[in-house]
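To start, the structure itself, in structure tokens.
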Amino acid sequence: MQNHINSIIQQAKEGNKSAFKNLVDHYQKYAFNLAFRVLYNEEDAKDVVQDSFIKIWINIKHFNSGMPFTTWMYKIVMNTAIDKQKSLKRFEWVKEDEILNLLTTIECDGPDCRLDNEQLGSVIKKIADELPEKQRLVFILRDLQDLESSVVEELLDLSETSVKANLYHARQVLRKKLESYGEQQRRR
Amino acid sequence: MECRLVEEKIEAFVYDKTIRPDEEMIEHIAGCTACKTYLKSCQRAQKIIANLSRAEPVITFPQQLTNDIMALIDEPVLKTSHHQTRFLAVARKFLVAASVALFIVFSGEQYIFVDKLMKLEKNLTATPNNKQGAGVYKKMISYYPEKGLQMVKSELARQVPESKQMDFKSLIMMAGYSVLAGEELANQVKNQTSSKQNLSGEMIKHH
């Protein structure tokens, strides 16, 4: 499988659009997941995926085949998403009651407990948006995107210690926040 | 074992599935309500985060997204914008270099100007000390006893090279002070002489 991907990447580097289309088909889901978790919104995430793949097409000839394609792609997607977020001044108010219901849903493990994109975006935004930027990105990449610590270090240009410290603080803040929501749920 | 250390261990244990709880930690949690609550709180947070990680957002019409991307790549506009981007990148680098060069030139100029101004100010406001004043006065009296201040100035200007003009200005000041002092001394001597003459005239008259 990896050899097949490498061959597609090589063909795309040589300007083969059909091979690039295969790459887009294969990787757009991963790119979308990351962009969505940074921006909490489907349409914005789609815009970011589109812009990112155009950047990838323009720069693919400079891609170093020695490194994993996903790491390179994630870096482009993440930077594009961060730029997009800076340009967005959207203010979306999520009601506390709504969040408590969504948390109850997310805590249950049953098949009926799925959240749609809008609900999922609201929960992530509510719990992660107030974190400082570094902590938020480390949390998204490490805990939500489930990336290896070494990949997170490379994507954010941070040391291993810095990633660990940011993740620790982010988890502490989230734990306290979720604890307070838990108390509100119990009072209802 | 301190609660703070146990909390760190709980944190590591809850989020890293490869870590097993040690005996000491289990014993502490069994007897400590605060750490028990902390463990539950961490486990709940971890569960929510893990479920959020599993709940992946769904792309509606993924094929449409691929087609949109490929259509944009095929557009000649992209090529133009690619060239424009390169042009802008070069232009940006050029502007950065130009602004750095201008900054260096103007800051250098300003430094020289301010430096000159400060030296000038220092020299013009400097008060010659007694020794310097006396030396210049002595010199002036020795070589130019009958000439005025203007003559002294022009003579000094001729003697002092251009690079020493700053020092020259202070010399002029000292010379100025010295001339005034000299005039004052001459006046005093003249007054004393005339008063002595008057006194002796009066004395002769009375006598």
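Just remember, in the structure tokens the first chain shown is A, the second B, etc., residues are 1-based per chain, and ligands are 1-based in the order shown.
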Show me which bits of chain A are within 9 Å of chain B, counting only C-alpha atoms, as a ChimeraX atom specification. /A:17,20-21,24-25,28-29,32-33,36-37,42,46,49-51,53-54,57-58,103,106-109,114-118,120-121,123-124,140,143-146,168,171-172,174-176,178-179
Hey, what does DSSP flag as helix (DSSP H, G or I) within segment 17-156 of chain A? Can you give it to me as a PyMOL selection string? chain A and resi 17-39+42-62+69-87+96-107+117-128+133-144+149-156
Name all residues at most 12 Å from Asn6 of chain A (count only C-alpha atoms; drop same-chain ones fewer than 3 positions away) and give them as a ChimeraX atom specification. /A:1-3,9-13,19-20,22-23,63-70
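With atom CA of Glu153 of chain A on one side and atom CA of Val138 of chain A on the other, the separation reads 8.8 Å.
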Contacts of Asn166 of chain A at 9 Å (only C-alpha atoms; same-chain gap of 3+ positions) as a ChimeraX atom specification: /A:134-136,138-139,161-163,169-171
Using only C-alpha atoms, the shortest atom-to-atom distance to Asp157 of chain A among A:Lys75, A:Leu100, A:Lys86, A:Arg142 belongs to A:Lys75
